[in-house]
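Q: Right, I'll just put the structure down here and ask away after.
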Amino acid sequence: MSAPRTHPLSDSLASAVTEVGTLLRTWREDPASLDGVWEGSQFKARADAMAHRALSERLAAIDPTIPVLSEEDPAGLPRYRPSRYWLIDPIDGTASYTHGFTGYVTQAALVIGERPEVAAVHAPDSDTLYTAVRGRGSFRDGVPLPPLGSCPPGDGVLTDNTPQPRGVALQVQERFGYGRYMESGSISLKLCRIAEGTAHLFVKDVPVRDWDVAAPALLLSEVGGHVTRLDGGGFGFRGPWEHTGLVAAADPSTGRQVAHWLAN
């Protein structure tokens, strides 16, 4: 008998992020939820805190023994990580959310040891749900995503969050000859685009955090894709929460080539 394609917590996790995604669409109609403050280089909207509470409550109800670690609760981030925990980003793409764009998601991953084991990402504006269980594949709205094929450097679609390539995306486009480009929103959404095959490479050279990456990295790895830090090292989900950039590729060979070029 083949192994089941789900995990005991996967359906509950999917329901939790979908419910919070629905709330985010509703809250967006209230201008007060879009108000906020700048914390360093990041804008924190009132909706960020609201989504944090809503998602944390739902995950605690699934299993109260699993702690919830969140971008929106920095004081609650432990020095030493638990052996099992939920890692959540209540709104990935707050700028898109507050400015009326579609490129935001809510997401969570169950991390066991040093790797995500179960993940769910909900894109509220399109009502799209991405899910993954380690070793059992990735899904979009319950439909299995097919394995990704070979995509050499320069082939496929480069993605970033600006209308035209800028910064490191422009450098990569010019160096490797990408002729196609797709504007997308949050970090997670771009990785989901690669996992589903509509984009093929994303490079970011400013800080990213583990909660940005945990859920979509599992989605991408389950279909044969590749996510590393900018220096080519893996996300180990241990130690510091912040890293300098990432390279996400449909084809692992391409990801390694791009990371090597950027490192040299």
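Quick note on naming: the chains in the structure tokens go A, B, ... in the order shown, residues restart at 1 in each chain, and ligands are numbered from 1 in order of appearance.
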Find the residues near A:Pro240: any atom within 9 Å, counting only C-alpha atoms, skip ones fewer than 5 places away on the same chain, and give them as a list in words.
A: Arg79, Arg209 and Asp210 of chain A
Q: Within 7 Å of A:Leu230, counting only C-alpha atoms, which residues show up once you throw out same-chain ones fewer than 5 positions away? Write them as a ChimeraX atom specification, please.
A: /A:205,244-247,259
Q: Name the residues of stretch 23-257 of chain A that come out as strand (DSSP E or B) in a backbone DSSP run; write them as a ChimeraX atom specification.
A: /A:36-39,42-45,68-70,84-92,105-112,115-123,128-133,137-140,143-144,157-160,180-183,201-209,226-229,242-249
Q: Go ahead and compute the interatomic distance for atom CA of A:Val206 and atom CA of A:Arg256, in Å to one decimal.
A: 18.5 Å
Q: With a cut-off of 9 Å, could you pull out the residues of stretch 50-137 of chain A touching stretch 23-38 of chain A and give me the nearest pair of atoms for each, distance in Å to one decimal, using only C-alpha atoms, ordered by chain and ascending number, as CSV?
A:
```
residue,atom,partner,partner_atom,distance
A:Met50,CA,A:Ser33,CA,8.4
A:Ala51,CA,A:Leu24,CA,7.2
A:Ala54,CA,A:Leu23,CA,8.7
A:Ile91,CA,A:Leu24,CA,8.7
A:Tyr97,CA,A:Arg28,CA,7.7
A:Thr98,CA,A:Leu34,CA,5.4
A:His99,CA,A:Leu34,CA,8.5
A:Gly100,CA,A:Arg28,CA,8.4
A:Thr106,CA,A:Leu24,CA,8.7
A:Pro124,CA,A:Arg25,CA,6.5
A:Asp125,CA,A:Arg25,CA,7.1
```
Q: Deliver the residues from the most recent selection as a file, using all heavy atoms, as a PDB file, in the first residue's frame.
A:
```
ATOM      1  N   MET A  50      -3.614  41.835  13.542  1.00  0.00           N
ATOM      2  CA  MET A  50      -4.890  41.132  13.530  1.00  0.00           C
ATOM      3  C   MET A  50      -4.736  39.732  12.936  1.00  0.00           C
ATOM      4  O   MET A  50      -5.275  38.745  13.472  1.00  0.00           O
ATOM      5  CB  MET A  50      -5.916  41.940  12.732  1.00  0.00           C
ATOM      6  CG  MET A  50      -6.267  43.280  13.371  1.00  0.00           C
ATOM      7  SD  MET A  50      -7.045  44.445  12.210  1.00  0.00           S
ATOM      8  CE  MET A  50      -8.571  43.589  11.818  1.00  0.00           C
ATOM      9  N   ALA A  51      -3.992  39.627  11.843  1.00  0.00           N
ATOM     10  CA  ALA A  51      -3.784  38.330  11.208  1.00  0.00           C
ATOM     11  C   ALA A  51      -2.934  37.423  12.090  1.00  0.00           C
ATOM     12  O   ALA A  51      -3.163  36.207  12.150  1.00  0.00           O
ATOM     13  CB  ALA A  51      -3.130  38.514   9.847  1.00  0.00           C
ATOM     14  N   ALA A  54      -5.299  36.017  14.705  1.00  0.00           N
ATOM     15  CA  ALA A  54      -6.257  35.081  14.124  1.00  0.00           C
ATOM     16  C   ALA A  54      -5.587  33.758  13.762  1.00  0.00           C
ATOM     17  O   ALA A  54      -6.140  32.676  14.026  1.00  0.00           O
ATOM     18  CB  ALA A  54      -6.907  35.699  12.884  1.00  0.00           C
ATOM     19  N   ILE A  91       1.018  38.080   7.233  1.00  0.00           N
ATOM     20  CA  ILE A  91       0.886  38.728   5.919  1.00  0.00           C
ATOM     21  C   ILE A  91       2.279  38.831   5.322  1.00  0.00           C
ATOM     22  O   ILE A  91       3.108  39.600   5.809  1.00  0.00           O
ATOM     23  CB  ILE A  91       0.263  40.138   5.984  1.00  0.00           C
ATOM     24  CG1 ILE A  91      -1.070  40.139   6.721  1.00  0.00           C
ATOM     25  CG2 ILE A  91       0.067  40.671   4.557  1.00  0.00           C
ATOM     26  CD1 ILE A  91      -1.708  41.526   6.841  1.00  0.00           C
ATOM     27  N   TYR A  97      -0.611  44.433   0.247  1.00  0.00           N
ATOM     28  CA  TYR A  97      -1.904  44.412   0.934  1.00  0.00           C
ATOM     29  C   TYR A  97      -2.423  45.821   1.180  1.00  0.00           C
ATOM     30  O   TYR A  97      -3.580  46.140   0.876  1.00  0.00           O
ATOM     31  CB  TYR A  97      -1.762  43.661   2.252  1.00  0.00           C
ATOM     32  CG  TYR A  97      -3.051  43.537   3.036  1.00  0.00           C
ATOM     33  CD1 TYR A  97      -4.030  42.626   2.658  1.00  0.00           C
ATOM     34  CD2 TYR A  97      -3.280  44.337   4.155  1.00  0.00           C
ATOM     35  CE1 TYR A  97      -5.208  42.515   3.372  1.00  0.00           C
ATOM     36  CE2 TYR A  97      -4.456  44.227   4.877  1.00  0.00           C
ATOM     37  CZ  TYR A  97      -5.424  43.312   4.480  1.00  0.00           C
ATOM     38  OH  TYR A  97      -6.604  43.209   5.192  1.00  0.00           O
ATOM     39  N   THR A  98      -1.581  46.692   1.711  1.00  0.00           N
ATOM     40  CA  THR A  98      -2.054  48.022   2.095  1.00  0.00           C
ATOM     41  C   THR A  98      -2.246  48.952   0.898  1.00  0.00           C
ATOM     42  O   THR A  98      -2.996  49.918   0.996  1.00  0.00           O
ATOM     43  CB  THR A  98      -1.081  48.682   3.090  1.00  0.00           C
ATOM     44  OG1 THR A  98       0.231  48.750   2.508  1.00  0.00           O
ATOM     45  CG2 THR A  98      -1.013  47.893   4.383  1.00  0.00           C
ATOM     46  N   HIS A  99      -1.597  48.642  -0.227  1.00  0.00           N
ATOM     47  CA  HIS A  99      -1.717  49.507  -1.402  1.00  0.00           C
ATOM     48  C   HIS A  99      -2.690  48.971  -2.450  1.00  0.00           C
ATOM     49  O   HIS A  99      -2.767  49.503  -3.558  1.00  0.00           O
ATOM     50  CB  HIS A  99      -0.338  49.737  -2.036  1.00  0.00           C
ATOM     51  CG  HIS A  99       0.549  50.620  -1.224  1.00  0.00           C
ATOM     52  ND1 HIS A  99       1.416  50.128  -0.269  1.00  0.00           N
ATOM     53  CD2 HIS A  99       0.694  51.968  -1.195  1.00  0.00           C
ATOM     54  CE1 HIS A  99       2.063  51.130   0.293  1.00  0.00           C
ATOM     55  NE2 HIS A  99       1.648  52.260  -0.238  1.00  0.00           N
ATOM     56  N   GLY A 100      -3.415  47.928  -2.104  1.00  0.00           N
ATOM     57  CA  GLY A 100      -4.470  47.454  -2.999  1.00  0.00           C
ATOM     58  C   GLY A 100      -4.034  46.506  -4.089  1.00  0.00           C
ATOM     59  O   GLY A 100      -4.795  46.258  -5.037  1.00  0.00           O
ATOM     60  N   THR A 106      -0.989  34.749   3.198  1.00  0.00           N
ATOM     61  CA  THR A 106      -0.808  34.368   4.597  1.00  0.00           C
ATOM     62  C   THR A 106      -0.317  32.933   4.592  1.00  0.00           C
ATOM     63  O   THR A 106      -0.745  32.127   3.751  1.00  0.00           O
ATOM     64  CB  THR A 106      -2.104  34.540   5.412  1.00  0.00           C
ATOM     65  OG1 THR A 106      -1.830  34.242   6.786  1.00  0.00           O
ATOM     66  CG2 THR A 106      -3.224  33.660   4.909  1.00  0.00           C
ATOM     67  N   PRO A 124      -5.107  35.328  -0.858  1.00  0.00           N
ATOM     68  CA  PRO A 124      -6.519  35.676  -0.690  1.00  0.00           C
ATOM     69  C   PRO A 124      -7.193  36.254  -1.924  1.00  0.00           C
ATOM     70  O   PRO A 124      -8.356  35.922  -2.204  1.00  0.00           O
ATOM     71  CB  PRO A 124      -6.500  36.691   0.458  1.00  0.00           C
ATOM     72  CG  PRO A 124      -5.275  36.351   1.239  1.00  0.00           C
ATOM     73  CD  PRO A 124      -4.278  35.952   0.200  1.00  0.00           C
ATOM     74  N   ASP A 125      -6.522  37.118  -2.668  1.00  0.00           N
ATOM     75  CA  ASP A 125      -7.209  37.793  -3.761  1.00  0.00           C
ATOM     76  C   ASP A 125      -7.627  36.842  -4.872  1.00  0.00           C
ATOM     77  O   ASP A 125      -8.629  37.069  -5.550  1.00  0.00           O
ATOM     78  CB  ASP A 125      -6.349  38.917  -4.321  1.00  0.00           C
ATOM     79  CG  ASP A 125      -6.529  40.208  -3.536  1.00  0.00           C
ATOM     80  OD1 ASP A 125      -6.920  40.126  -2.357  1.00  0.00           O
ATOM     81  OD2 ASP A 125      -6.286  41.293  -4.097  1.00  0.00           O
TER      82      ASP A 125
END
```
Q: Give me the stretch 36-119 of chain A side of the contact with stretch 217-227 of chain A, cut-off 9 Å, one line per residue showing its nearest atom pair and distance in Å at one decimal, counting only C-alpha atoms, sorted by chain and residue number, as a tab-separated table.
A:
```
residue	atom	partner	partner_atom	distance
A:Ala109	CA	A:Leu218	CA	8.6
A:Arg115	CA	A:Leu218	CA	8.6
A:Pro116	CA	A:Leu218	CA	6.4
A:Glu117	CA	A:Leu218	CA	7.4
A:Val118	CA	A:Leu218	CA	7.7
A:Ala119	CA	A:Leu218	CA	6.8
```
Q: Just asking: which residues within stretch 4-117 of chain A are alpha helix (DSSP H) according to DSSP, as a ChimeraX atom specification?
A: /A:10-27,31-34,46-62,94-98
Q: Write out as a list in words which residues come within 9 Å of A:Gly177 when counting only C-alpha atoms, dropping same-chain ones fewer than 4 positions away.
A: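 Listed by chain and then number, they are Pro153, Gly154, Asp155, Val172 and Gln173 of chain A.
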Q: What does the distance from atom CA of A:Phe101 to atom CA of A:Leu129 come to in Å, to one decimal?
A: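 Atom CA of A:Phe101 sits 17.9 Å away from atom CA of A:Leu129.
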Q: To one decimal in Å, tell me the separation between atom CA of A:Glu114 and atom CA of A:Arg238.
A: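 One can read the atom CA of A:Glu114 to atom CA of A:Arg238 distance as 6.2 Å.
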Q: Skipping near chain neighbours, those fewer than 4 positions away, what residues fall within 8 Å of A:Pro67 using only C-alpha atoms, listed as a ChimeraX atom specification?
A: /A:60,82,84-86
Q: If you count only C-alpha atoms, which residues fall within 9 Å of A:Ser150, apart from same-chain ones fewer than 4 positions away, as JSON, numbers by chain?
A: {"A": [250, 251, 252, 253, 254]}
Q: Quick one: residues within 12 Å of A:Glu72, only C-alpha atoms, excluding same-chain residues fewer than 4 positions away - as number ranges by chain?
A: A: 39, 42-56, 68, 76-77, 87-92, 94, 211
Q: Excluding A:Ser15 and its own-chain neighbours fewer than 2 positions away, which residues fall within 12 Å of it when counting only C-alpha atoms? Please give them as a PyMOL selection string.
A: chain A and resi 9-13+17-22+55+58-59+61-62+106-108+119-122+129-131+141
Q: For A:Arg166, which residue out of A:Glu57, A:Asp73, A:Glu242, A:Glu183 is the nearest one, using only C-alpha atoms?
A: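 That would be A:Glu183, the residue with the smallest distance to A:Arg166.
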Q: Go through A:Ser96, A:Ser184, A:Ser126, A:Gln257 and flag the residue nearest A:Thr162, using only C-alpha atoms for the distances.
A: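 That would be A:Ser184, the residue with the smallest distance to A:Thr162.
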Q: From the options A:Leu148, A:Ala95, A:Ala263, A:Ile66, which residue's atoms come nearest to A:Asp231, counting only C-alpha atoms?
A: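 Among A:Leu148, A:Ala95, A:Ala263, A:Ile66, it is A:Ala263 that comes nearest to A:Asp231.
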Q: Nearest to A:Asp63 among A:Tyr104, A:Pro78, A:Leu110, A:Gly239, with distances taken over only C-alpha atoms: which residue is it?
A: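 Nearest candidate to A:Asp63 out of A:Tyr104, A:Pro78, A:Leu110, A:Gly239: A:Leu110.
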